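One structure is given below, encoded as C-alpha cells.
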Amino acid sequence: MGWIDVWMNNAENKKVLGVPANLQFDSCNMEVNQAFFKQGDGMHNSAALLPDIINDDVKLLVYTGNADSMCNFMGNEAWVEKLEHKFHSEFVKSISTKWTTLGSGRVAGEVRFAGGNGFTAGNVTFVQVLEAGHMVPFDQPKAALDMFTRWITDVPLLVASTCRPSIASLDINRHADPARAAFIDIDIDRTSNYFANRMALCVH
C-alpha cells in the first residue's frame, strides 16, 4: 500500500487538495490508532448516530467485500438492517439483487437499497462486493470505481450494463451547499435529470 503514501505526499497533489506542505500522510499510523484505542473508541457504537443523519436526508452507503475477515459482510448487513430511520421498513423488505458493472457486464456483487423509488442510488444502500477483502478498491478497482461513480452521480446500481449510460455533464454548484452535486444528465434509454443529494459514506 506504499504507493498511496507516495501519491498523497506528492507536493503537487497536496497543493491541489489544499493540504499544508508540512503535513505527512500515513496510510496506517499506529500512533493515532493507539490514541483512539486507549480512549475506548472501539467501544462506542457510532452506528447509533446514523438514523438522525439519514432522517435529515443525508444518504448512506455501506459497502464491504464478501471475503473481508475483519468486517464481514453478514455482520455489516445485519446492523444496517437494524437501523431505525424513515426508510427502515422499506430496507427490511428489500432483497439482494445482482449488481453488474457498466460496460463490462460483469457481476460485481449484490445490492440492497431503500429510498429513491429505483430512480436514484438510494437513501440507504448496502453493497456486497464479490472477491474483495477489507480493501475493496485495492482488490476490485473497476468495481469500486463503478460503485463510487454511480453513487456520486446518484445513478442506481441496478441499472443494467446494456444501458451503458454516459455522463454528459457534472457541475458542482460552488455557490450552494458544497456537499450537493448540482446537476447531471445521464442517457440510459431516455435522457433523465438527476440531482445528487448530500451523501455520507460508511466504509468497511
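Going by the C-alpha cells order, chains are called A, B, ..., each with residues numbered from 1, while ligands are numbered from 1 in the order shown.
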
Distance table requested - region 36-107 of chain A against region 127-138 of chain A, cut-off 9 Å, only C-alpha atoms: one row per qualifying residue with the closest atom pair and its distance in Å to one decimal, ordered by chain and rising residue number, as JSON lines.
{"residue": "A:Leu61", "atom": "CA", "partner": "A:Val127", "partner_atom": "CA", "distance": 7.7}
{"residue": "A:Val62", "atom": "CA", "partner": "A:Val127", "partner_atom": "CA", "distance": 6.3}
{"residue": "A:Tyr63", "atom": "CA", "partner": "A:Val127", "partner_atom": "CA", "distance": 4.5}
{"residue": "A:Thr64", "atom": "CA", "partner": "A:Gln128", "partner_atom": "CA", "distance": 5.3}
{"residue": "A:Gly65", "atom": "CA", "partner": "A:Ala132", "partner_atom": "CA", "distance": 4.4}
{"residue": "A:Asn66", "atom": "CA", "partner": "A:Leu130", "partner_atom": "CA", "distance": 5.5}
{"residue": "A:Ala67", "atom": "CA", "partner": "A:Gly133", "partner_atom": "CA", "distance": 4.6}
{"residue": "A:Asp68", "atom": "CA", "partner": "A:Gly133", "partner_atom": "CA", "distance": 4.0}
{"residue": "A:Ser69", "atom": "CA", "partner": "A:Gly133", "partner_atom": "CA", "distance": 7.1}
{"residue": "A:Met70", "atom": "CA", "partner": "A:His134", "partner_atom": "CA", "distance": 6.8}
{"residue": "A:Cys71", "atom": "CA", "partner": "A:His134", "partner_atom": "CA", "distance": 7.1}
{"residue": "A:Asn72", "atom": "CA", "partner": "A:His134", "partner_atom": "CA", "distance": 8.6}
{"residue": "A:Phe73", "atom": "CA", "partner": "A:Gln128", "partner_atom": "CA", "distance": 6.5}
{"residue": "A:Glu77", "atom": "CA", "partner": "A:Gln128", "partner_atom": "CA", "distance": 8.6}
{"residue": "A:Ser96", "atom": "CA", "partner": "A:Val127", "partner_atom": "CA", "distance": 8.8}
{"residue": "A:Trp99", "atom": "CA", "partner": "A:Val127", "partner_atom": "CA", "distance": 8.7}
{"residue": "A:Val107", "atom": "CA", "partner": "A:Leu130", "partner_atom": "CA", "distance": 8.2}

What lies within 12 Å of Phe126 (chain A) using only C-alpha atoms, ignoring chain neighbours under 6 positions off, as a PDB file with C-alpha atoms, in the first residue's frame?
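Okay, this is what ended up in selection17.pdb:
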ATOM      1  CA  LYS A  59     -27.573   9.413   2.011  1.00  0.00           C
ATOM      2  CA  LEU A  60     -25.802   6.396   3.440  1.00  0.00           C
ATOM      3  CA  LEU A  61     -23.694   3.885   1.509  1.00  0.00           C
ATOM      4  CA  VAL A  62     -22.247   0.892   3.322  1.00  0.00           C
ATOM      5  CA  TYR A  63     -20.069  -1.439   1.268  1.00  0.00           C
ATOM      6  CA  THR A  64     -17.992  -4.457   2.194  1.00  0.00           C
ATOM      7  CA  GLY A  65     -16.064  -7.223   0.478  1.00  0.00           C
ATOM      8  CA  PHE A  73     -20.478  -8.647   5.082  1.00  0.00           C
ATOM      9  CA  MET A  74     -23.068 -10.618   7.072  1.00  0.00           C
ATOM     10  CA  GLY A  75     -22.480  -8.588  10.230  1.00  0.00           C
ATOM     11  CA  ASN A  76     -22.455  -5.312   8.330  1.00  0.00           C
ATOM     12  CA  GLU A  77     -25.701  -6.112   6.552  1.00  0.00           C
ATOM     13  CA  ALA A  78     -27.279  -7.088   9.884  1.00  0.00           C
ATOM     14  CA  TRP A  79     -26.512  -3.782  11.638  1.00  0.00           C
ATOM     15  CA  VAL A  80     -27.613  -1.737   8.619  1.00  0.00           C
ATOM     16  CA  GLU A  81     -30.926  -3.624   8.638  1.00  0.00           C
ATOM     17  CA  PHE A  91     -34.946  -1.592   3.587  1.00  0.00           C
ATOM     18  CA  VAL A  92     -36.035  -4.613   5.648  1.00  0.00           C
ATOM     19  CA  SER A  94     -35.630  -5.194   0.162  1.00  0.00           C
ATOM     20  CA  ILE A  95     -33.808  -8.173  -1.291  1.00  0.00           C
ATOM     21  CA  SER A  96     -30.245  -8.537  -2.509  1.00  0.00           C
ATOM     22  CA  THR A  97     -30.041  -8.023  -6.262  1.00  0.00           C
ATOM     23  CA  TRP A  99     -25.046  -5.566  -9.490  1.00  0.00           C
ATOM     24  CA  GLY A 109     -21.696  -8.023  -6.221  1.00  0.00           C
ATOM     25  CA  GLU A 110     -25.135  -7.595  -4.712  1.00  0.00           C
ATOM     26  CA  VAL A 111     -27.011  -4.513  -3.602  1.00  0.00           C
ATOM     27  CA  ARG A 112     -29.920  -3.672  -1.297  1.00  0.00           C
ATOM     28  CA  PHE A 113     -31.378  -0.188  -1.013  1.00  0.00           C
ATOM     29  CA  ALA A 114     -34.273   1.900   0.234  1.00  0.00           C
ATOM     30  CA  MET A 147     -19.844   1.866  -7.477  1.00  0.00           C
ATOM     31  CA  TRP A 151     -23.131   6.762  -6.037  1.00  0.00           C
ATOM     32  CA  LEU A 157     -26.528   0.270  -9.117  1.00  0.00           C
ATOM     33  CA  LEU A 201     -20.044   7.242   3.014  1.00  0.00           C
ATOM     34  CA  CYS A 202     -19.640   4.492   5.571  1.00  0.00           C
ATOM     35  CA  VAL A 203     -16.591   2.427   4.638  1.00  0.00           C
ATOM     36  CA  HIS A 204     -15.831  -1.074   5.946  1.00  0.00           C
TER      37      HIS A 204
END

Checklist line | Distance in Å - CA of Asn9 (chain A) versus CA of Ala35 (chain A) | finding: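 A separation of 22.9 Å between them.
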
Next item on the list: Quick one: pick out all alpha helix (DSSP H) residues within region 97-157 of chain A from a backbone DSSP run and write them as an MDAnalysis selection string.
Entry: chainID A and resid 136:139 141:152

Output C-alpha atoms for every residue in the selection just made, as a PDB file, in the first residue's frame.
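The resulting file, selection_32.pdb, is reproduced below:
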ATOM      1  CA  VAL A 136     -12.338  -3.176  -1.771  1.00  0.00           C
ATOM      2  CA  PRO A 137     -10.774  -0.604  -4.162  1.00  0.00           C
ATOM      3  CA  PHE A 138      -7.457  -2.490  -3.962  1.00  0.00           C
ATOM      4  CA  ASP A 139      -8.994  -5.907  -4.654  1.00  0.00           C
ATOM      5  CA  PRO A 141     -10.652  -1.400  -8.565  1.00  0.00           C
ATOM      6  CA  LYS A 142     -13.000  -1.464 -11.580  1.00  0.00           C
ATOM      7  CA  ALA A 143     -15.989  -2.492  -9.497  1.00  0.00           C
ATOM      8  CA  ALA A 144     -15.148   0.103  -6.839  1.00  0.00           C
ATOM      9  CA  LEU A 145     -14.888   2.853  -9.463  1.00  0.00           C
ATOM     10  CA  ASP A 146     -18.245   1.815 -10.938  1.00  0.00           C
ATOM     11  CA  MET A 147     -19.844   1.866  -7.477  1.00  0.00           C
ATOM     12  CA  PHE A 148     -18.385   5.224  -6.430  1.00  0.00           C
ATOM     13  CA  THR A 149     -19.144   6.888  -9.775  1.00  0.00           C
ATOM     14  CA  ARG A 150     -22.757   5.815  -9.716  1.00  0.00           C
ATOM     15  CA  TRP A 151     -23.131   6.762  -6.037  1.00  0.00           C
ATOM     16  CA  ILE A 152     -21.685  10.245  -6.524  1.00  0.00           C
TER      17      ILE A 152
END

Margin query: Using only C-alpha atoms, can you tell me which of A:Leu83, A:Gly122, A:Asp5, A:Gly103 comes closest to Asn29 (chain A)?
Written below: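 Ranked by minimum distance to Asn29 (chain A), first place goes to A:Asp5.
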
Item checked: Close residues, Thr100 (chain A) itself excluded, 8 Å, only C-alpha atoms, min 4 positions apart in chain, as a list in words -> Ser104, Gly105, Arg106, Val107, Ala108, Gly109, Leu157, Leu158, Ala160 and Ser161 of chain A

Residues as selected, all heavy atoms, written as a compact mmCIF listing (two decimals), in the first residue's frame, can you do that?
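What ended up in out11.txt:
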# COMPACT_ATOMS: atom_id res chain seq x y z
N SER A 104 -18.62 -3.59 -18.82
CA SER A 104 -18.12 -4.97 -18.81
C SER A 104 -19.25 -5.99 -18.66
O SER A 104 -19.16 -7.11 -19.15
CB SER A 104 -17.12 -5.17 -17.68
OG SER A 104 -17.77 -5.17 -16.42
N GLY A 105 -20.31 -5.61 -17.98
CA GLY A 105 -21.40 -6.54 -17.76
C GLY A 105 -21.07 -7.61 -16.72
O GLY A 105 -21.82 -8.56 -16.54
N ARG A 106 -19.96 -7.45 -16.03
CA ARG A 106 -19.52 -8.42 -15.04
C ARG A 106 -20.31 -8.26 -13.75
O ARG A 106 -20.54 -7.15 -13.28
CB ARG A 106 -18.03 -8.23 -14.77
CG ARG A 106 -17.47 -9.09 -13.65
CD ARG A 106 -15.98 -8.82 -13.43
NE ARG A 106 -15.46 -9.58 -12.31
CZ ARG A 106 -15.48 -9.14 -11.05
NH1 ARG A 106 -15.99 -7.96 -10.77
NH2 ARG A 106 -14.97 -9.89 -10.08
N VAL A 107 -20.75 -9.38 -13.18
CA VAL A 107 -21.43 -9.33 -11.88
C VAL A 107 -20.39 -9.01 -10.83
O VAL A 107 -19.47 -9.79 -10.60
CB VAL A 107 -22.13 -10.66 -11.56
CG1 VAL A 107 -22.74 -10.60 -10.16
CG2 VAL A 107 -23.20 -10.98 -12.59
N ALA A 108 -20.52 -7.85 -10.21
CA ALA A 108 -19.52 -7.37 -9.25
C ALA A 108 -19.94 -7.59 -7.81
O ALA A 108 -19.11 -7.52 -6.90
CB ALA A 108 -19.22 -5.90 -9.49
N GLY A 109 -21.23 -7.85 -7.59
CA GLY A 109 -21.70 -8.02 -6.22
C GLY A 109 -23.20 -8.00 -6.14
O GLY A 109 -23.90 -8.26 -7.13
N LEU A 157 -27.45 1.36 -8.80
CA LEU A 157 -26.53 0.27 -9.12
C LEU A 157 -27.25 -0.84 -9.88
O LEU A 157 -26.59 -1.72 -10.44
CB LEU A 157 -25.92 -0.32 -7.83
CG LEU A 157 -24.86 0.53 -7.15
CD1 LEU A 157 -24.42 -0.12 -5.85
CD2 LEU A 157 -23.66 0.73 -8.06
N LEU A 158 -28.56 -0.79 -9.92
CA LEU A 158 -29.32 -1.81 -10.62
C LEU A 158 -29.49 -1.49 -12.10
O LEU A 158 -30.08 -2.29 -12.83
CB LEU A 158 -30.70 -1.98 -9.97
CG LEU A 158 -30.69 -2.44 -8.51
CD1 LEU A 158 -32.10 -2.68 -8.02
CD2 LEU A 158 -29.86 -3.71 -8.36
N ALA A 160 -28.88 -1.75 -15.72
CA ALA A 160 -28.23 -2.84 -16.44
C ALA A 160 -27.05 -2.35 -17.25
O ALA A 160 -27.06 -1.23 -17.76
CB ALA A 160 -29.24 -3.52 -17.36
N SER A 161 -26.05 -3.19 -17.37
CA SER A 161 -24.84 -2.81 -18.10
C SER A 161 -25.13 -2.54 -19.57
O SER A 161 -24.42 -1.81 -20.25
CB SER A 161 -23.78 -3.92 -17.99
OG SER A 161 -24.26 -5.12 -18.56
